[in-house]
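One file, structure_14.tsv, carrying TSV, C-alpha atoms:
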chain	number	residue	atom	x	y	z
A	1	MET	CA	18.52	-3.18	-9.65
A	2	LEU	CA	15.39	-2.92	-7.53
A	3	VAL	CA	13.26	0.01	-8.62
A	4	ALA	CA	10.98	0.92	-5.73
A	5	CYS	CA	8.03	2.56	-7.46
A	6	ALA	CA	5.70	4.59	-5.25
A	7	HIS	CA	2.64	6.64	-6.08
A	8	GLY	CA	4.26	9.93	-5.12
A	9	THR	CA	3.16	12.54	-2.61
A	10	ARG	CA	3.65	16.22	-1.78
A	11	SER	CA	3.86	15.38	1.91
A	12	PRO	CA	7.44	15.79	3.19
A	13	THR	CA	6.80	13.14	5.84
A	14	GLY	CA	5.34	10.79	3.26
A	15	ARG	CA	8.35	11.26	1.00
A	16	ARG	CA	10.73	10.61	3.88
A	17	LEU	CA	8.96	7.42	4.97
A	18	VAL	CA	8.90	6.00	1.44
A	19	ALA	CA	12.61	6.76	1.08
A	20	GLU	CA	13.27	5.10	4.43
A	21	LEU	CA	11.40	2.01	3.23
A	22	ALA	CA	14.00	1.51	0.50
A	23	LEU	CA	16.76	2.08	3.07
A	24	ALA	CA	15.18	-0.53	5.35
A	25	ALA	CA	15.16	-3.02	2.47
A	26	ARG	CA	18.88	-2.41	1.92
A	27	THR	CA	19.51	-2.91	5.64
A	28	LEU	CA	17.71	-6.25	5.52
A	29	ARG	CA	19.54	-7.20	2.32
A	30	PRO	CA	23.11	-5.82	2.40
A	31	GLY	CA	24.47	-5.21	-1.06
A	32	LEU	CA	21.09	-4.74	-2.70
A	33	VAL	CA	21.04	-1.75	-5.04
A	34	THR	CA	17.81	0.23	-5.13
A	35	THR	CA	16.52	3.36	-6.76
A	36	ALA	CA	13.22	5.24	-6.58
A	37	ALA	CA	10.55	5.95	-9.18
A	38	PHE	CA	7.01	7.31	-9.09
A	39	VAL	CA	3.77	7.05	-11.06
A	40	ASP	CA	2.36	10.45	-10.10
A	41	VAL	CA	3.01	13.77	-8.35
A	42	GLN	CA	6.82	13.68	-8.17
A	43	PRO	CA	9.73	12.80	-10.45
A	44	PRO	CA	11.40	10.68	-11.68
A	45	THR	CA	8.75	8.69	-13.52
A	46	VAL	CA	8.99	4.93	-13.59
A	47	ALA	CA	9.15	5.03	-17.40
A	48	ASP	CA	12.17	7.33	-17.32
A	49	VAL	CA	13.98	5.30	-14.66
A	50	VAL	CA	13.46	1.96	-16.42
A	51	ALA	CA	14.45	3.41	-19.80
A	52	GLY	CA	17.58	4.96	-18.30
A	53	LEU	CA	18.66	1.71	-16.69
A	54	ALA	CA	17.94	-0.27	-19.86
A	55	GLY	CA	19.92	2.24	-21.90
A	56	GLY	CA	22.88	1.68	-19.60
A	57	GLY	CA	22.58	-2.09	-19.92
A	58	ARG	CA	21.32	-2.54	-16.36
A	59	PRO	CA	18.43	-4.95	-15.71
A	60	SER	CA	15.71	-3.79	-13.35
A	61	VAL	CA	12.86	-5.20	-11.30
A	62	VAL	CA	10.14	-2.68	-10.56
A	63	VAL	CA	8.43	-3.35	-7.24
A	64	PRO	CA	5.20	-1.35	-6.90
A	65	LEU	CA	5.07	0.26	-3.46
A	66	LEU	CA	1.32	0.07	-3.82
A	67	LEU	CA	-1.17	-1.87	-1.73
A	68	SER	CA	-3.35	-3.23	-4.53
A	69	GLY	CA	-3.23	-3.91	-8.23
A	70	GLY	CA	-4.97	-1.01	-9.97
A	71	TYR	CA	-4.30	1.27	-12.94
A	72	HIS	CA	-0.80	2.25	-11.85
A	73	VAL	CA	0.27	-1.40	-11.61
A	74	HIS	CA	-1.50	-2.79	-14.67
A	75	VAL	CA	-0.98	0.19	-16.98
A	76	ASP	CA	1.71	2.66	-15.86
A	77	ILE	CA	4.24	0.16	-14.53
A	78	ALA	CA	3.37	-2.56	-17.05
A	79	ARG	CA	3.87	-0.08	-19.88
A	80	ALA	CA	7.20	1.10	-18.45
A	81	VAL	CA	8.69	-2.42	-18.45
A	82	HIS	CA	7.02	-3.72	-21.62
A	83	GLU	CA	9.47	-2.14	-24.04
A	84	HIS	CA	12.61	-3.38	-22.29
A	85	ALA	CA	13.71	-7.01	-22.23
A	86	ALA	CA	15.93	-6.24	-19.24
A	87	ALA	CA	13.02	-5.00	-17.09
A	88	ARG	CA	10.40	-6.88	-15.13
A	89	ALA	CA	7.53	-5.86	-12.87
A	90	ALA	CA	6.84	-7.49	-9.51
A	91	ARG	CA	3.51	-7.81	-7.72
A	92	PRO	CA	2.28	-4.92	-5.58
A	93	LEU	CA	2.82	-5.14	-1.84
A	94	GLY	CA	-0.76	-6.07	-1.03
A	95	PRO	CA	-2.61	-8.12	-0.20
A	96	ASP	CA	-0.29	-9.81	2.30
A	97	PRO	CA	-0.80	-11.23	5.81
A	98	ARG	CA	2.05	-9.12	7.15
A	99	LEU	CA	0.30	-5.95	6.08
A	100	VAL	CA	-2.82	-7.18	7.87
A	101	ALA	CA	-0.69	-7.67	10.99
A	102	VAL	CA	0.57	-4.09	10.71
A	103	LEU	CA	-3.00	-2.83	10.32
A	104	HIS	CA	-4.01	-4.77	13.42
A	105	ASP	CA	-1.13	-3.27	15.39
A	106	ARG	CA	-2.06	0.24	14.22
A	107	LEU	CA	-5.61	-0.36	15.45
A	108	LEU	CA	-4.36	-1.50	18.84
A	109	GLY	CA	-2.05	1.52	18.96
A	110	ALA	CA	-5.05	3.76	18.37
A	111	GLY	CA	-6.80	2.26	21.40
A	112	ALA	CA	-9.32	0.13	19.51
A	113	ASP	CA	-10.53	-3.05	21.22
A	114	PRO	CA	-10.46	-6.12	18.96
A	115	ASP	CA	-12.81	-7.99	21.32
A	116	ASP	CA	-15.54	-5.33	21.37
A	117	PRO	CA	-18.38	-6.26	18.99
A	118	ALA	CA	-19.56	-2.63	18.99
A	119	THR	CA	-16.26	-1.30	17.62
A	120	ALA	CA	-16.48	-1.27	13.84
A	121	VAL	CA	-13.47	-0.92	11.56
A	122	VAL	CA	-13.59	0.72	8.16
A	123	LEU	CA	-10.55	-0.19	6.08
A	124	ALA	CA	-9.84	3.10	4.30
A	125	ALA	CA	-8.03	2.70	0.97
A	126	ALA	CA	-7.08	5.27	-1.66
A	127	GLY	CA	-9.43	3.68	-4.20
A	128	SER	CA	-9.31	2.69	-7.85
A	129	SER	CA	-11.77	2.15	-10.67
A	130	ASP	CA	-9.99	-1.15	-11.44
A	131	PRO	CA	-12.02	-4.06	-10.01
A	132	ARG	CA	-8.79	-5.96	-9.36
A	133	SER	CA	-7.71	-3.25	-6.93
A	134	VAL	CA	-11.08	-3.35	-5.17
A	135	ALA	CA	-10.81	-7.13	-4.88
A	136	ASP	CA	-7.38	-6.81	-3.28
A	137	VAL	CA	-8.69	-4.34	-0.70
A	138	GLU	CA	-11.70	-6.54	0.03
A	139	ALA	CA	-9.37	-9.51	0.54
A	140	THR	CA	-7.37	-7.48	3.05
A	141	ALA	CA	-10.55	-6.49	4.89
A	142	ALA	CA	-11.62	-10.15	5.03
A	143	ALA	CA	-8.25	-11.13	6.51
A	144	LEU	CA	-8.48	-8.33	9.09
A	145	GLN	CA	-12.00	-9.48	10.00
A	146	GLU	CA	-10.50	-12.79	11.12
A	147	ARG	CA	-8.66	-10.85	13.85
A	148	TRP	CA	-11.55	-8.55	14.79
A	149	THR	CA	-14.80	-9.21	16.66
A	150	GLY	CA	-16.73	-6.19	15.38
A	151	PRO	CA	-17.57	-5.68	11.70
A	152	VAL	CA	-14.83	-4.78	9.21
A	153	THR	CA	-15.93	-3.01	6.04
A	154	THR	CA	-14.21	-0.98	3.33
A	155	GLY	CA	-14.27	2.65	2.22
A	156	TYR	CA	-12.39	4.49	-0.50
A	157	GLY	CA	-10.89	7.92	-1.01
A	158	SER	CA	-11.76	8.07	-4.71
A	159	ALA	CA	-13.02	6.10	-7.72
A	160	ALA	CA	-14.38	3.06	-5.86
A	161	ARG	CA	-17.46	2.86	-3.65
A	162	PRO	CA	-18.45	3.44	-0.97
A	163	PRO	CA	-16.64	6.68	-0.14
A	164	VAL	CA	-15.07	6.59	3.32
A	165	PRO	CA	-17.64	8.95	4.93
A	166	ASP	CA	-20.49	6.80	3.61
A	167	ALA	CA	-18.83	3.66	5.00
A	168	VAL	CA	-18.46	5.32	8.41
A	169	ALA	CA	-22.13	6.39	8.37
A	170	ALA	CA	-23.21	2.88	7.37
A	171	ALA	CA	-21.24	1.37	10.25
A	172	ARG	CA	-23.06	3.65	12.70
A	173	THR	CA	-26.42	2.83	11.13
A	174	THR	CA	-25.81	-0.87	11.73
A	175	GLY	CA	-25.23	-0.31	15.44
A	176	ALA	CA	-21.53	0.46	15.98
A	177	ARG	CA	-20.87	2.55	19.09
A	178	ARG	CA	-17.35	3.32	17.89
A	179	VAL	CA	-16.01	3.51	14.35
A	180	VAL	CA	-12.30	3.35	13.69
A	181	LEU	CA	-10.71	4.09	10.33
A	182	ALA	CA	-7.83	1.72	9.60
A	183	ALA	CA	-5.73	3.72	7.15
A	184	TYR	CA	-4.70	1.27	4.44
A	185	LEU	CA	-2.09	3.69	3.17
A	186	LEU	CA	1.67	3.46	3.18
A	187	ALA	CA	2.40	6.97	4.39
A	188	PRO	CA	0.87	10.36	5.21
A	189	GLY	CA	-0.35	12.44	2.30
A	190	HIS	CA	-3.48	13.70	0.59
A	191	PHE	CA	-5.70	10.70	1.30
A	192	HIS	CA	-4.68	10.34	4.94
A	193	ASP	CA	-5.29	14.05	5.50
A	194	LYS	CA	-8.89	13.62	4.31
A	195	LEU	CA	-9.66	10.80	6.75
A	196	GLY	CA	-9.88	13.14	9.73
A	197	GLY	CA	-13.05	14.66	8.29
A	198	ALA	CA	-14.79	11.37	7.49
A	199	GLY	CA	-16.75	11.18	10.74
A	200	ALA	CA	-14.95	8.33	12.50
A	201	ASP	CA	-14.03	8.35	16.18
A	202	THR	CA	-10.40	7.44	15.51
A	203	VAL	CA	-8.06	7.28	12.52
A	204	THR	CA	-5.00	5.02	12.64
A	205	ALA	CA	-1.53	5.93	11.45
A	206	PRO	CA	-0.44	4.65	8.02
A	207	LEU	CA	1.55	1.44	7.65
A	208	LEU	CA	5.00	3.04	7.58
A	209	PRO	CA	7.39	2.91	9.28
A	210	ASP	CA	7.50	-0.85	9.83
A	211	ASP	CA	10.16	-3.38	8.84
A	212	ARG	CA	7.47	-5.90	7.91
A	213	VAL	CA	6.63	-3.74	4.91
A	214	ALA	CA	10.27	-3.85	3.84
A	215	ALA	CA	10.21	-7.63	4.15
A	216	VAL	CA	7.20	-7.78	1.84
A	217	LEU	CA	9.02	-5.54	-0.63
A	218	LEU	CA	11.99	-7.93	-0.69
A	219	ASP	CA	9.73	-10.95	-1.15
A	220	ARG	CA	8.09	-9.31	-4.15
A	221	TYR	CA	11.52	-8.58	-5.62
A	222	ASP	CA	12.76	-12.13	-5.01
A	223	ALA	CA	9.67	-13.68	-6.60
A	224	ALA	CA	10.09	-11.54	-9.71
A	225	VAL	CA	13.77	-12.44	-10.01
A	226	ALA	CA	12.99	-16.14	-9.56
A	227	GLY	CA	10.29	-15.96	-12.23
A	228	TRP	CA	12.70	-14.23	-14.56
A	229	SER	CA	15.34	-16.95	-14.26
A	230	ALA	CA	12.91	-19.88	-14.31

Here is a file; write its structure as structure tokens.
Amino acid sequence: MLVACAHGTRSPTGRRLVAELALAARTLRPGLVTTAAFVDVQPPTVADVVAGLAGGGRPSVVVPLLLSGGYHVHVDIARAVHEHAAARAARPLGPDPRLVAVLHDRLLGAGADPDDPATAVVLAAAGSSDPRSVADVEATAAALQERWTGPVTTGYGSAARPPVPDAVAAARTTGARRVVLAAYLLAPGHFHDKLGGAGADTVTAPLLPDDRVAAVLLDRYDAAVAGWSA
């Protein structure tokens, strides 16, 4: 059983897109059985889902539908699988080159010019106090920089620094004529709503919907299963 574990959101559109991600994975992998779990905001919790499956004698692989490895990955999800021999946790979705490709496409879709040295990109992530999460976001920014002529920096919605508005202001201070926020978020919700007030010229759409994200999800699942049987 693949347990697709998302953060959780109150946004109806965000909930729909996350649900459709699991459906896309099943379309790419006919016969795969999936269920949903969450670490915050909405039920069911990942701990309850994993415990319920274990109680019914069903093994599970929890794939974090998260873009970096922060508290939710290393504490919430790790704790949920730790007590059950029939449960295993996969890596989070990011960093991954396919996610960078989606980010690049979202930037192009927003009208940003990858060849303009005066167009700066701020990679806007939700943020975490866990340095491993920050490192994952920085790695994604570095990979995006390889596709972008202007500067690519990072900004965060909470916990990590700099905050997104500060990152936008810094990009302008260093000479950018246009600042574009690349939303490093799976779906609409609280953090994406805040980006419109951060002072950028343009904000991209989140990563979903996109079948490349579903392909990453399946790769994370397959790697966990292979590690389990090794």

Selection near region 156-167 of chain A, 6 Å with all atoms listed in the file, sequence-local residues under 5 positions removed, as a list of chain:residue names: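 In the requested format, the answer is A:Ala124, A:Ala125, A:Ala126, A:Gly127, A:Ser128, A:Ser129, A:Ala198.
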
Pairwise distance for CA of Pro43 (chain A) and CA of Arg15 (chain A), rounded to one decimal in Å: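 Interatomic distance, CA of Pro43 (chain A) to CA of Arg15 (chain A): 11.6 Å.
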
Minimum-distance residue to Thr119 (chain A), chosen among A:Asp76, A:Asp40, A:Asp219, A:Asp201 (using all atoms listed in the file): A:Asp201

Distance in Å - CA of Ala54 (chain A) versus CA of Leu32 (chain A):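 Straight-line distance from CA of Ala54 (chain A) to CA of Leu32 (chain A) works out to 18.0 Å.
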
Residue list as a list in words for point (10.4, 5.2, -10.7), cut-off 10 Å, all atoms listed in the file: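 The requested residues, written out, are Val3, Ala4, Cys5, Ala6, His7, Gly8, Thr35, Ala36, Ala37, Phe38, Val39, Asp40, Gln42, Pro43, Pro44, Thr45, Val46, Ala47, Asp48, Val49, Val50, Val62, Val63, Pro64, Ile77 and Ala80 of chain A.
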
Please report as a tab-separated table every residue of region 114-170 of chain A lying within 12 Å of region 89-92 of chain A, along with the nearest atom pair and their distance in Å (one decimal), using all atoms listed in the file.
residue	atom	partner	partner_atom	distance
A:Arg132	CA	A:Pro92	CA	11.7
A:Ser133	CA	A:Pro92	CA	10.2
A:Asp136	CA	A:Pro92	CA	10.1

Quick one: write out the picked residues with C-alpha atoms as a PDB file, in the coordinates of the input?
ATOM      1  CA  ARG A 132      -8.790  -5.960  -9.360  1.00  0.00           C
ATOM      2  CA  SER A 133      -7.710  -3.250  -6.930  1.00  0.00           C
ATOM      3  CA  ASP A 136      -7.380  -6.810  -3.280  1.00  0.00           C
TER       4      ASP A 136
END

First collect every listed atom of region 212-230 of chain A; then fit an axis-aligned box around them, widen it by 6 Å on each side, and give centre and edge lengths in Å to one decimal, as JSON.
{"center_x": 11.0, "center_y": -11.8, "center_z": -3.3, "size_x": 20.7, "size_y": 28.1, "size_z": 34.5}

Length of the CA of Asp116 (chain A) to CA of Leu144 (chain A) vector [Å]: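 Going from CA of Asp116 (chain A) over to CA of Leu144 (chain A), I get 14.5 Å.
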
Best match for closeness to Val122 (chain A) among A:Arg178, A:His74, A:Arg88, A:His82, counting all atoms listed in the file: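 Checking each of A:Arg178, A:His74, A:Arg88, A:His82 against Val122 (chain A), counting all atoms listed in the file, the winner is A:Arg178.
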
Counting all atoms listed in the file, the option among A:Val41, A:Leu123, A:Leu208, A:Ala112 closest to Leu195 (chain A):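 Among the listed residues, A:Leu123 lies closest to Leu195 (chain A).
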
Using all atoms listed in the file: which of A:His192, A:Leu21, A:His84, A:Arg98 has the shortest distance to Val61 (chain A):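 Among A:His192, A:Leu21, A:His84, A:Arg98, it is A:His84 that comes nearest to Val61 (chain A).
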
Nearest residue to Ala182 (chain A) from the set A:Pro131, A:Pro12, A:Pro151, A:Pro206 (distances using all atoms listed in the file):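 Checking each of A:Pro131, A:Pro12, A:Pro151, A:Pro206 against Ala182 (chain A), counting all atoms listed in the file, the winner is A:Pro206.
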
Nearest to Gly56 (chain A) by atom-to-atom distance, counting only C-alpha atoms, from A:Leu99, A:Ala22, A:Met1, A:Leu93: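 Nearest candidate to Gly56 (chain A) out of A:Leu99, A:Ala22, A:Met1, A:Leu93: A:Met1.
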
Val179 (chain A) surroundings by only C-alpha atoms, 8 Å radius, close-in-sequence under 6 positions cut, as a VMD selection string: chain A and resid 119 to 122 168 171 to 172 200 to 202
